[in-house]
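my_file19.pdb (PDB, C-alpha atoms, pLDDT in the B column)
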ATOM      1  CA  MET R1295     -37.318  46.234 -44.348  1.00 83.00           C
ATOM      2  CA  LYS R1296     -34.235  44.363 -45.534  1.00 91.00           C
ATOM      3  CA  PRO R1297     -33.502  41.043 -43.789  1.00 96.00           C
ATOM      4  CA  PRO R1298     -30.227  40.861 -41.854  1.00 97.00           C
ATOM      5  CA  ALA R1299     -27.247  39.883 -44.015  1.00 98.00           C
ATOM      6  CA  VAL R1300     -24.941  37.168 -42.692  1.00 98.00           C
ATOM      7  CA  ARG R1301     -21.652  35.776 -43.951  1.00 97.00           C
ATOM      8  CA  ILE R1302     -20.679  32.444 -42.397  1.00 98.00           C
ATOM      9  CA  ILE R1303     -17.026  31.445 -42.323  1.00 97.00           C
ATOM     10  CA  GLY R1304     -16.607  27.704 -41.881  1.00 97.00           C
ATOM     11  CA  PRO R1305     -18.822  25.500 -44.079  1.00 97.00           C
ATOM     12  CA  GLY R1306     -18.809  22.505 -41.724  1.00 96.00           C
ATOM     13  CA  ARG R1307     -21.726  20.948 -39.880  1.00 96.00           C
ATOM     14  CA  ALA R1308     -22.290  23.911 -37.553  1.00 97.00           C
ATOM     15  CA  GLY R1309     -21.885  26.526 -40.278  1.00 98.00           C
ATOM     16  CA  LEU R1310     -24.232  24.808 -42.693  1.00 98.00           C
ATOM     17  CA  SER R1311     -26.750  24.185 -39.900  1.00 98.00           C
ATOM     18  CA  PHE R1312     -26.855  27.915 -39.109  1.00 98.00           C
ATOM     19  CA  ALA R1313     -26.920  28.857 -42.790  1.00 98.00           C
ATOM     20  CA  SER R1314     -29.863  26.568 -43.487  1.00 98.00           C
ATOM     21  CA  ALA R1315     -31.799  27.563 -40.358  1.00 98.00           C
ATOM     22  CA  LEU R1316     -31.386  31.318 -40.910  1.00 98.00           C
ATOM     23  CA  HIS R1317     -32.100  31.033 -44.635  1.00 98.00           C
ATOM     24  CA  SER R1318     -35.339  29.187 -43.863  1.00 98.00           C
ATOM     25  CA  ILE R1319     -36.632  32.152 -41.850  1.00 97.00           C
ATOM     26  CA  GLY R1320     -35.852  34.648 -44.598  1.00 97.00           C
ATOM     27  CA  TRP R1321     -32.441  36.026 -43.639  1.00 98.00           C
ATOM     28  CA  ASP R1322     -29.941  37.034 -46.324  1.00 98.00           C
ATOM     29  CA  ILE R1323     -27.363  34.266 -46.025  1.00 98.00           C
ATOM     30  CA  ARG R1324     -24.351  34.695 -48.268  1.00 96.00           C
ATOM     31  CA  THR R1325     -22.466  31.624 -49.481  1.00 95.00           C
ATOM     32  CA  PRO R1326     -20.380  30.228 -46.573  1.00 96.00           C
ATOM     33  CA  LEU R1327     -16.636  30.688 -47.008  1.00 96.00           C
ATOM     34  CA  GLY R1328     -13.997  28.019 -46.403  1.00 95.00           C
ATOM     35  CA  LYS R1329     -10.226  27.716 -46.084  1.00 89.00           C
ATOM     36  CA  GLU R1330      -9.596  28.332 -49.759  1.00 91.00           C
ATOM     37  CA  ASP R1331     -11.574  31.584 -49.865  1.00 93.00           C
ATOM     38  CA  ASP R1332     -10.252  35.125 -49.422  1.00 92.00           C
ATOM     39  CA  ILE R1333     -11.790  36.636 -46.277  1.00 92.00           C
ATOM     40  CA  SER R1334      -9.654  39.774 -46.244  1.00 90.00           C
ATOM     41  CA  ASN R1335     -12.182  41.825 -48.191  1.00 88.00           C
ATOM     42  CA  ILE R1336     -15.692  40.755 -47.262  1.00 91.00           C
ATOM     43  CA  GLU R1337     -18.598  42.937 -48.326  1.00 91.00           C
ATOM     44  CA  PRO R1338     -19.422  46.054 -46.247  1.00 91.00           C
ATOM     45  CA  ASP R1339     -23.204  45.555 -46.049  1.00 94.00           C
ATOM     46  CA  LEU R1340     -23.120  42.614 -43.636  1.00 96.00           C
ATOM     47  CA  ASP R1341     -24.898  42.696 -40.286  1.00 97.00           C
ATOM     48  CA  PHE R1342     -23.196  39.576 -38.912  1.00 98.00           C
ATOM     49  CA  VAL R1343     -20.066  37.578 -39.624  1.00 98.00           C
ATOM     50  CA  LEU R1344     -20.493  34.178 -37.990  1.00 98.00           C
ATOM     51  CA  ILE R1345     -17.285  32.188 -37.494  1.00 98.00           C
ATOM     52  CA  THR R1346     -18.131  28.501 -37.321  1.00 98.00           C
ATOM     53  CA  THR R1347     -14.656  27.019 -37.739  1.00 97.00           C
ATOM     54  CA  PRO R1348     -12.938  24.677 -35.248  1.00 95.00           C
ATOM     55  CA  ASP R1349     -11.944  26.529 -32.081  1.00 96.00           C
ATOM     56  CA  HIS R1350      -8.226  26.647 -32.828  1.00 96.00           C
ATOM     57  CA  GLU R1351      -8.888  28.511 -36.103  1.00 97.00           C
ATOM     58  CA  ILE R1352     -11.127  31.273 -34.716  1.00 97.00           C
ATOM     59  CA  GLN R1353      -8.373  33.728 -33.795  1.00 97.00           C
ATOM     60  CA  SER R1354      -6.641  33.387 -37.148  1.00 96.00           C
ATOM     61  CA  VAL R1355      -9.911  33.921 -39.020  1.00 97.00           C
ATOM     62  CA  ALA R1356     -10.727  37.018 -36.978  1.00 96.00           C
ATOM     63  CA  GLN R1357      -7.285  38.502 -37.578  1.00 96.00           C
ATOM     64  CA  ASN R1358      -7.500  37.894 -41.319  1.00 95.00           C
ATOM     65  CA  LEU R1359     -10.914  39.518 -41.660  1.00 95.00           C
ATOM     66  CA  ASN R1360     -10.936  43.091 -42.883  1.00 91.00           C
ATOM     67  CA  GLN R1361     -12.273  45.703 -40.469  1.00 87.00           C
ATOM     68  CA  THR R1362     -16.049  45.651 -40.598  1.00 90.00           C
ATOM     69  CA  ASN R1363     -19.017  47.310 -38.944  1.00 93.00           C
ATOM     70  CA  ALA R1364     -20.709  43.923 -38.756  1.00 96.00           C
ATOM     71  CA  ILE R1365     -20.957  41.999 -35.505  1.00 98.00           C
ATOM     72  CA  VAL R1366     -18.217  39.370 -35.605  1.00 98.00           C
ATOM     73  CA  ALA R1367     -19.304  36.343 -33.604  1.00 98.00           C
ATOM     74  CA  HIS R1368     -18.162  32.782 -33.038  1.00 98.00           C
ATOM     75  CA  VAL R1369     -20.261  29.777 -32.067  1.00 98.00           C
ATOM     76  CA  SER R1370     -17.709  28.134 -29.771  1.00 97.00           C
ATOM     77  CA  GLY R1371     -18.650  27.138 -26.248  1.00 96.00           C
ATOM     78  CA  ALA R1372     -15.069  27.122 -24.965  1.00 95.00           C
ATOM     79  CA  THR R1373     -13.424  30.135 -26.662  1.00 96.00           C
ATOM     80  CA  GLY R1374     -13.432  33.631 -25.190  1.00 96.00           C
ATOM     81  CA  LEU R1375     -14.221  36.928 -26.870  1.00 97.00           C
ATOM     82  CA  ARG R1376     -10.550  37.977 -26.993  1.00 96.00           C
ATOM     83  CA  SER R1377     -10.120  35.530 -29.846  1.00 97.00           C
ATOM     84  CA  LEU R1378     -12.148  37.943 -32.011  1.00 97.00           C
ATOM     85  CA  LEU R1379      -9.788  40.905 -31.626  1.00 96.00           C
ATOM     86  CA  PRO R1380      -9.202  43.387 -33.196  1.00 95.00           C
ATOM     87  CA  HIS R1381     -12.909  43.670 -34.063  1.00 96.00           C
ATOM     88  CA  GLU R1382     -14.850  46.085 -31.902  1.00 95.00           C
ATOM     89  CA  ASN R1383     -18.288  44.495 -32.293  1.00 97.00           C
ATOM     90  CA  ARG R1384     -17.619  41.047 -30.840  1.00 98.00           C
ATOM     91  CA  ALA R1385     -20.023  38.378 -29.628  1.00 98.00           C
ATOM     92  CA  SER R1386     -20.340  34.671 -28.962  1.00 98.00           C
ATOM     93  CA  LEU R1387     -23.331  32.490 -29.741  1.00 98.00           C
ATOM     94  CA  HIS R1388     -23.061  28.867 -28.620  1.00 98.00           C
ATOM     95  CA  PRO R1389     -26.097  26.684 -29.345  1.00 97.00           C
ATOM     96  CA  LEU R1390     -26.696  24.110 -26.645  1.00 96.00           C
ATOM     97  CA  VAL R1391     -27.580  21.462 -29.219  1.00 94.00           C
ATOM     98  CA  SER R1392     -25.573  18.825 -31.034  1.00 91.00           C
ATOM     99  CA  MET R1393     -25.418  19.164 -34.812  1.00 94.00           C
ATOM    100  CA  PRO R1394     -24.252  15.824 -36.233  1.00 91.00           C
ATOM    101  CA  THR R1395     -25.507  16.758 -39.714  1.00 96.00           C
ATOM    102  CA  PRO R1396     -26.629  20.077 -41.255  1.00 96.00           C
ATOM    103  CA  GLU R1397     -30.164  18.711 -41.647  1.00 97.00           C
ATOM    104  CA  ILE R1398     -30.452  17.675 -37.994  1.00 97.00           C
ATOM    105  CA  GLY R1399     -28.642  20.835 -36.889  1.00 97.00           C
ATOM    106  CA  LYS R1400     -31.088  23.075 -38.762  1.00 98.00           C
ATOM    107  CA  LYS R1401     -34.043  21.296 -37.194  1.00 97.00           C
ATOM    108  CA  ARG R1402     -32.637  21.555 -33.683  1.00 97.00           C
ATOM    109  CA  LEU R1403     -31.669  25.224 -34.026  1.00 98.00           C
ATOM    110  CA  LEU R1404     -35.319  25.994 -34.797  1.00 98.00           C
ATOM    111  CA  GLU R1405     -36.766  23.972 -31.907  1.00 96.00           C
ATOM    112  CA  ASN R1406     -36.810  26.579 -29.131  1.00 95.00           C
ATOM    113  CA  SER R1407     -33.165  25.794 -28.361  1.00 97.00           C
ATOM    114  CA  TRP R1408     -30.996  27.393 -25.681  1.00 98.00           C
ATOM    115  CA  PHE R1409     -28.007  29.569 -26.584  1.00 98.00           C
ATOM    116  CA  ALA R1410     -25.106  30.767 -24.436  1.00 98.00           C
ATOM    117  CA  ILE R1411     -24.325  34.336 -25.459  1.00 98.00           C
ATOM    118  CA  ASP R1412     -21.847  37.049 -24.556  1.00 98.00           C
ATOM    119  CA  GLY R1413     -20.566  40.318 -25.962  1.00 98.00           C
ATOM    120  CA  ASP R1414     -22.484  42.647 -28.246  1.00 98.00           C
ATOM    121  CA  PRO R1415     -26.156  42.451 -27.180  1.00 97.00           C
ATOM    122  CA  ARG R1416     -27.299  42.573 -30.804  1.00 97.00           C
ATOM    123  CA  ILE R1417     -26.383  38.875 -31.024  1.00 98.00           C
ATOM    124  CA  GLU R1418     -29.774  38.312 -29.392  1.00 98.00           C
ATOM    125  CA  LEU R1419     -31.331  39.118 -32.775  1.00 98.00           C
ATOM    126  CA  ILE R1420     -30.189  35.715 -34.020  1.00 98.00           C
ATOM    127  CA  VAL R1421     -31.519  33.930 -30.938  1.00 98.00           C
ATOM    128  CA  ASN R1422     -34.879  35.689 -31.257  1.00 98.00           C
ATOM    129  CA  ALA R1423     -35.111  35.006 -34.980  1.00 98.00           C
ATOM    130  CA  LEU R1424     -34.537  31.292 -34.400  1.00 98.00           C
ATOM    131  CA  GLY R1425     -37.169  31.258 -31.648  1.00 98.00           C
ATOM    132  CA  GLY R1426     -34.591  30.325 -29.035  1.00 98.00           C
ATOM    133  CA  GLN R1427     -33.869  31.073 -25.398  1.00 98.00           C
ATOM    134  CA  ARG R1428     -30.674  32.536 -23.976  1.00 98.00           C
ATOM    135  CA  PHE R1429     -28.419  32.824 -20.965  1.00 98.00           C
ATOM    136  CA  HIS R1430     -25.190  34.797 -20.553  1.00 97.00           C
ATOM    137  CA  ILE R1431     -21.808  33.138 -20.009  1.00 96.00           C
ATOM    138  CA  THR R1432     -18.728  35.255 -19.353  1.00 95.00           C
ATOM    139  CA  ASP R1433     -15.226  34.243 -20.384  1.00 94.00           C
ATOM    140  CA  ALA R1434     -14.344  33.389 -16.764  1.00 95.00           C
ATOM    141  CA  LEU R1435     -17.114  30.777 -16.558  1.00 96.00           C
ATOM    142  CA  ARG R1436     -16.773  29.468 -20.099  1.00 96.00           C
ATOM    143  CA  PRO R1437     -14.491  26.446 -19.332  1.00 95.00           C
ATOM    144  CA  LEU R1438     -16.865  25.153 -16.635  1.00 97.00           C
ATOM    145  CA  TYR R1439     -19.872  25.822 -18.857  1.00 97.00           C
ATOM    146  CA  HIS R1440     -18.362  23.910 -21.751  1.00 96.00           C
ATOM    147  CA  ALA R1441     -17.341  21.016 -19.498  1.00 96.00           C
ATOM    148  CA  THR R1442     -20.939  20.823 -18.271  1.00 97.00           C
ATOM    149  CA  ALA R1443     -22.244  20.789 -21.843  1.00 95.00           C
ATOM    150  CA  SER R1444     -19.770  18.040 -22.766  1.00 94.00           C
ATOM    151  CA  ILE R1445     -20.946  15.896 -19.864  1.00 95.00           C
ATOM    152  CA  ALA R1446     -24.588  16.463 -20.776  1.00 94.00           C
ATOM    153  CA  SER R1447     -24.099  15.475 -24.407  1.00 92.00           C
ATOM    154  CA  ASN R1448     -20.804  13.704 -25.159  1.00 93.00           C
ATOM    155  CA  HIS R1449     -20.611  11.674 -21.958  1.00 96.00           C
ATOM    156  CA  LEU R1450     -24.212  10.618 -22.400  1.00 95.00           C
ATOM    157  CA  VAL R1451     -23.265   9.180 -25.797  1.00 95.00           C
ATOM    158  CA  VAL R1452     -20.385   7.280 -24.145  1.00 97.00           C
ATOM    159  CA  LEU R1453     -22.789   5.856 -21.564  1.00 97.00           C
ATOM    160  CA  MET R1454     -25.326   4.782 -24.182  1.00 97.00           C
ATOM    161  CA  ALA R1455     -22.546   3.196 -26.238  1.00 98.00           C
ATOM    162  CA  GLN R1456     -21.852   0.988 -23.223  1.00 98.00           C
ATOM    163  CA  VAL R1457     -25.540   0.097 -23.009  1.00 98.00           C
ATOM    164  CA  GLU R1458     -25.509  -0.833 -26.687  1.00 98.00           C
ATOM    165  CA  ARG R1459     -22.435  -3.035 -26.245  1.00 98.00           C
ATOM    166  CA  LEU R1460     -24.047  -4.852 -23.345  1.00 98.00           C
ATOM    167  CA  SER R1461     -27.331  -5.303 -25.173  1.00 98.00           C
ATOM    168  CA  ASN R1462     -25.360  -6.894 -28.006  1.00 97.00           C
ATOM    169  CA  GLU R1463     -23.707  -9.149 -25.420  1.00 96.00           C
ATOM    170  CA  LEU R1464     -27.215 -10.226 -24.393  1.00 97.00           C
ATOM    171  CA  SER R1465     -28.378 -10.595 -28.005  1.00 98.00           C
ATOM    172  CA  ILE R1466     -31.386  -8.373 -27.347  1.00 97.00           C
ATOM    173  CA  PRO R1467     -32.372  -5.050 -28.993  1.00 98.00           C
ATOM    174  CA  PHE R1468     -30.839  -1.752 -27.920  1.00 98.00           C
ATOM    175  CA  GLU R1469     -34.167   0.042 -28.445  1.00 97.00           C
ATOM    176  CA  PRO R1470     -35.845  -0.947 -25.126  1.00 97.00           C
ATOM    177  CA  PHE R1471     -32.875   0.363 -23.133  1.00 97.00           C
ATOM    178  CA  LEU R1472     -32.823   3.563 -25.182  1.00 97.00           C
ATOM    179  CA  GLN R1473     -36.505   4.084 -24.400  1.00 97.00           C
ATOM    180  CA  LEU R1474     -35.780   3.529 -20.700  1.00 97.00           C
ATOM    181  CA  SER R1475     -33.140   6.263 -20.879  1.00 96.00           C
ATOM    182  CA  VAL R1476     -35.490   8.623 -22.735  1.00 95.00           C
ATOM    183  CA  ASN R1477     -38.130   8.180 -20.030  1.00 95.00           C
ATOM    184  CA  THR R1478     -35.565   8.775 -17.290  1.00 95.00           C
ATOM    185  CA  LEU R1479     -34.403  12.001 -18.934  1.00 94.00           C
ATOM    186  CA  LYS R1480     -38.008  13.167 -19.293  1.00 94.00           C
ATOM    187  CA  GLY R1481     -38.503  12.534 -15.591  1.00 93.00           C
ATOM    188  CA  LEU R1482     -35.622  14.871 -14.773  1.00 93.00           C
ATOM    189  CA  SER R1483     -37.663  17.778 -16.151  1.00 91.00           C
ATOM    190  CA  GLU R1484     -40.055  17.249 -13.222  1.00 93.00           C
ATOM    191  CA  LEU R1485     -37.903  15.638 -10.516  1.00 93.00           C
ATOM    192  CA  GLU R1486     -34.635  16.351  -8.745  1.00 92.00           C
ATOM    193  CA  PRO R1487     -31.895  13.781  -9.451  1.00 93.00           C
ATOM    194  CA  SER R1488     -32.287  12.393  -5.925  1.00 91.00           C
ATOM    195  CA  GLU R1489     -36.005  11.833  -6.598  1.00 91.00           C
ATOM    196  CA  ALA R1490     -35.459  10.317 -10.043  1.00 93.00           C
ATOM    197  CA  LEU R1491     -32.752   7.896  -8.904  1.00 94.00           C
ATOM    198  CA  THR R1492     -33.945   4.306  -8.569  1.00 93.00           C
ATOM    199  CA  GLY R1493     -32.207   0.933  -8.555  1.00 94.00           C
ATOM    200  CA  PRO R1494     -29.846  -0.891  -6.193  1.00 95.00           C
ATOM    201  CA  ALA R1495     -27.660   2.113  -5.317  1.00 94.00           C
ATOM    202  CA  ALA R1496     -30.725   4.090  -4.248  1.00 92.00           C
ATOM    203  CA  ARG R1497     -31.948   1.132  -2.174  1.00 93.00           C
ATOM    204  CA  GLY R1498     -28.556   0.304  -0.693  1.00 93.00           C
ATOM    205  CA  ASP R1499     -28.786  -3.185  -2.197  1.00 96.00           C
ATOM    206  CA  GLU R1500     -25.146  -4.275  -2.101  1.00 96.00           C
ATOM    207  CA  ASN R1501     -25.903  -7.897  -2.998  1.00 97.00           C
ATOM    208  CA  THR R1502     -27.437  -6.894  -6.320  1.00 97.00           C
ATOM    209  CA  ILE R1503     -24.551  -4.505  -7.028  1.00 96.00           C
ATOM    210  CA  LYS R1504     -22.144  -7.396  -6.368  1.00 97.00           C
ATOM    211  CA  THR R1505     -23.932  -9.561  -8.937  1.00 97.00           C
ATOM    212  CA  HIS R1506     -23.786  -6.688 -11.442  1.00 98.00           C
ATOM    213  CA  LEU R1507     -20.023  -6.383 -11.085  1.00 97.00           C
ATOM    214  CA  GLU R1508     -19.532 -10.140 -11.345  1.00 97.00           C
ATOM    215  CA  SER R1509     -21.610 -10.344 -14.519  1.00 97.00           C
ATOM    216  CA  LEU R1510     -20.045  -7.413 -16.369  1.00 97.00           C
ATOM    217  CA  PRO R1511     -17.163  -8.006 -18.803  1.00 96.00           C
ATOM    218  CA  ASN R1512     -13.900  -6.703 -17.335  1.00 97.00           C
ATOM    219  CA  ALA R1513     -13.721  -3.852 -19.841  1.00 96.00           C
ATOM    220  CA  GLU R1514     -17.148  -2.555 -18.757  1.00 97.00           C
ATOM    221  CA  ARG R1515     -16.642  -2.501 -14.991  1.00 97.00           C
ATOM    222  CA  TYR R1516     -14.680   0.739 -14.645  1.00 97.00           C
ATOM    223  CA  LEU R1517     -17.397   2.976 -16.094  1.00 97.00           C
ATOM    224  CA  TYR R1518     -20.046   1.145 -14.067  1.00 97.00           C
ATOM    225  CA  GLU R1519     -18.068   1.620 -10.843  1.00 97.00           C
ATOM    226  CA  CYS R1520     -17.484   5.339 -11.494  1.00 96.00           C
ATOM    227  CA  LEU R1521     -21.187   5.985 -12.038  1.00 96.00           C
ATOM    228  CA  LEU R1522     -22.129   3.657  -9.173  1.00 96.00           C
ATOM    229  CA  GLN R1523     -20.102   5.843  -6.814  1.00 96.00           C
ATOM    230  CA  GLY R1524     -21.949   8.916  -8.076  1.00 96.00           C
ATOM    231  CA  ALA R1525     -25.304   7.164  -7.575  1.00 95.00           C
ATOM    232  CA  LYS R1526     -24.363   6.217  -4.009  1.00 95.00           C
ATOM    233  CA  GLU R1527     -23.434   9.833  -3.236  1.00 94.00           C
ATOM    234  CA  ILE R1528     -26.786  11.083  -4.568  1.00 94.00           C
ATOM    235  CA  ALA R1529     -28.599   8.458  -2.472  1.00 91.00           C
ATOM    236  CA  HIS R1530     -26.575   9.399   0.599  1.00 87.00           C
ATOM    237  CA  GLN R1531     -27.337  13.100   0.222  1.00 84.00           C
ATOM    238  CA  SER R1532     -31.013  12.243  -0.177  1.00 72.00           C
ATOM    239  CA  ILE R1533     -31.007  10.386   3.142  1.00 70.00           C
ATOM    240  CA  ILE R1534     -29.285  13.330   4.869  1.00 65.00           C
ATOM    241  CA  SER R1535     -31.877  15.745   3.477  1.00 64.00           C
ATOM    242  CA  GLU R1536     -34.761  13.574   4.648  1.00 66.00           C
ATOM    243  CA  ASN R1537     -33.355  13.455   8.187  1.00 63.00           C
ATOM    244  CA  GLU R1538     -32.747  17.191   8.512  1.00 59.00           C
TER     245      GLU R1538
END
Step by step, read the file and then write its structure as structure tokens.
Amino acid sequence: MKPPAVRIIGPGRAGLSFASALHSIGWDIRTPLGKEDDISNIEPDLDFVLITTPDHEIQSVAQNLNQTNAIVAHVSGATGLRSLLPHENRASLHPLVSMPTPEIGKKRLLENSWFAIDGDPRIELIVNALGGQRFHITDALRPLYHATASIASNHLVVLMAQVERLSNELSIPFEPFLQLSVNTLKGLSELEPSEALTGPAARGDENTIKTHLESLPNAERYLYECLLQGAKEIAHQSIISENE
């Protein structure tokens, strides 16, 4: 039986991550195409055309593709299926992993990752081949889904960048704080956020919070205060639940 044939359009980090991951499991991965390549006459024997360009280029790529019987899919978390018109066999396949390099991206795509899918159900063939898990996200829910993914990944990086700055201020290694964060995240696989929350906000220790704010550099206080308010709300809801 012939392996599925895939043409990837967009040879960036995401495109090369998918190309490498699918090639490693024996799929027929054609050379990824970029901006300088003619995509108006791609080969007719393809099973999938995977558009891995930046979001704002997806619609233009889809419109410039010749009509094909292949499933035309994008890997954007924020873009709807209408961007793939006029193609009849449309799908979306957004991996819920960060791919900072093709090497790391390949590894993560093959690690039982989660994918948000929509459209033609045959897109599940890619998820299954990569050993992944799936959930469906419709166009109506896509903005909220993508915002949630951004918070889970991008905002976490912002938070850890603050930790690194403060560890430098203390002239002590970043690594111990990173390990603390890793352990906290692991705990959230077993505990609700209200159960995992510890520290002065959970205890209602306003004196300690006051010393935190006094010790922080001015530029670092705003982010601390925003997250402190969220911690207090979680602690408050926990108290309400215990008293019900």
The residues within 10 Å of (-26.8, 18.3, -37.5), using only C-alpha atoms and the coordinates of the file, should be reported as a PDB file with C-alpha atoms, keeping the file's coordinate frame; which are they?
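Below is the file that was written, point_4.pdb:
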ATOM      1  CA  GLY R1306     -18.809  22.505 -41.724  1.00 96.00           C
ATOM      2  CA  ARG R1307     -21.726  20.948 -39.880  1.00 96.00           C
ATOM      3  CA  ALA R1308     -22.290  23.911 -37.553  1.00 97.00           C
ATOM      4  CA  GLY R1309     -21.885  26.526 -40.278  1.00 98.00           C
ATOM      5  CA  LEU R1310     -24.232  24.808 -42.693  1.00 98.00           C
ATOM      6  CA  SER R1311     -26.750  24.185 -39.900  1.00 98.00           C
ATOM      7  CA  PHE R1312     -26.855  27.915 -39.109  1.00 98.00           C
ATOM      8  CA  VAL R1391     -27.580  21.462 -29.219  1.00 94.00           C
ATOM      9  CA  SER R1392     -25.573  18.825 -31.034  1.00 91.00           C
ATOM     10  CA  MET R1393     -25.418  19.164 -34.812  1.00 94.00           C
ATOM     11  CA  PRO R1394     -24.252  15.824 -36.233  1.00 91.00           C
ATOM     12  CA  THR R1395     -25.507  16.758 -39.714  1.00 96.00           C
ATOM     13  CA  PRO R1396     -26.629  20.077 -41.255  1.00 96.00           C
ATOM     14  CA  GLU R1397     -30.164  18.711 -41.647  1.00 97.00           C
ATOM     15  CA  ILE R1398     -30.452  17.675 -37.994  1.00 97.00           C
ATOM     16  CA  GLY R1399     -28.642  20.835 -36.889  1.00 97.00           C
ATOM     17  CA  LYS R1400     -31.088  23.075 -38.762  1.00 98.00           C
ATOM     18  CA  LYS R1401     -34.043  21.296 -37.194  1.00 97.00           C
ATOM     19  CA  ARG R1402     -32.637  21.555 -33.683  1.00 97.00           C
ATOM     20  CA  LEU R1403     -31.669  25.224 -34.026  1.00 98.00           C
TER      21      LEU R1403
END
Expected answer as an MDAnalysis selection string: all residues with atoms within 9 Å of (-6.1, 33.6, -32.8), only C-alpha atoms: chainID R and resid 1350:1357 1376:1379
All residues 12 Å or closer to R:Gln1456, only C-alpha atoms, same chain fewer than 4 positions away omitted, as a PyMOL selection string: chain R and resi 1449-1452+1460-1463+1468+1471-1472+1510-1511+1513-1518
Please produce an output containing C-alpha atoms for each residue in the selection, written as a PDB file, in the frame of the given file.
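So the final result, stored in selection_12.pdb, reads:
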ATOM      1  CA  HIS R1449     -20.611  11.674 -21.958  1.00 96.00           C
ATOM      2  CA  LEU R1450     -24.212  10.618 -22.400  1.00 95.00           C
ATOM      3  CA  VAL R1451     -23.265   9.180 -25.797  1.00 95.00           C
ATOM      4  CA  VAL R1452     -20.385   7.280 -24.145  1.00 97.00           C
ATOM      5  CA  LEU R1460     -24.047  -4.852 -23.345  1.00 98.00           C
ATOM      6  CA  SER R1461     -27.331  -5.303 -25.173  1.00 98.00           C
ATOM      7  CA  ASN R1462     -25.360  -6.894 -28.006  1.00 97.00           C
ATOM      8  CA  GLU R1463     -23.707  -9.149 -25.420  1.00 96.00           C
ATOM      9  CA  PHE R1468     -30.839  -1.752 -27.920  1.00 98.00           C
ATOM     10  CA  PHE R1471     -32.875   0.363 -23.133  1.00 97.00           C
ATOM     11  CA  LEU R1472     -32.823   3.563 -25.182  1.00 97.00           C
ATOM     12  CA  LEU R1510     -20.045  -7.413 -16.369  1.00 97.00           C
ATOM     13  CA  PRO R1511     -17.163  -8.006 -18.803  1.00 96.00           C
ATOM     14  CA  ALA R1513     -13.721  -3.852 -19.841  1.00 96.00           C
ATOM     15  CA  GLU R1514     -17.148  -2.555 -18.757  1.00 97.00           C
ATOM     16  CA  ARG R1515     -16.642  -2.501 -14.991  1.00 97.00           C
ATOM     17  CA  TYR R1516     -14.680   0.739 -14.645  1.00 97.00           C
ATOM     18  CA  LEU R1517     -17.397   2.976 -16.094  1.00 97.00           C
ATOM     19  CA  TYR R1518     -20.046   1.145 -14.067  1.00 97.00           C
TER      20      TYR R1518
END
Distance of atom CA of R:His1368 from atom CA of R:Val1343, expressed in Å to one decimal place: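 A separation of 8.4 Å between them.
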Between atom CA of R:Ala1315 and atom CA of R:Ser1483, distance in Å (one decimal): 26.8 Å
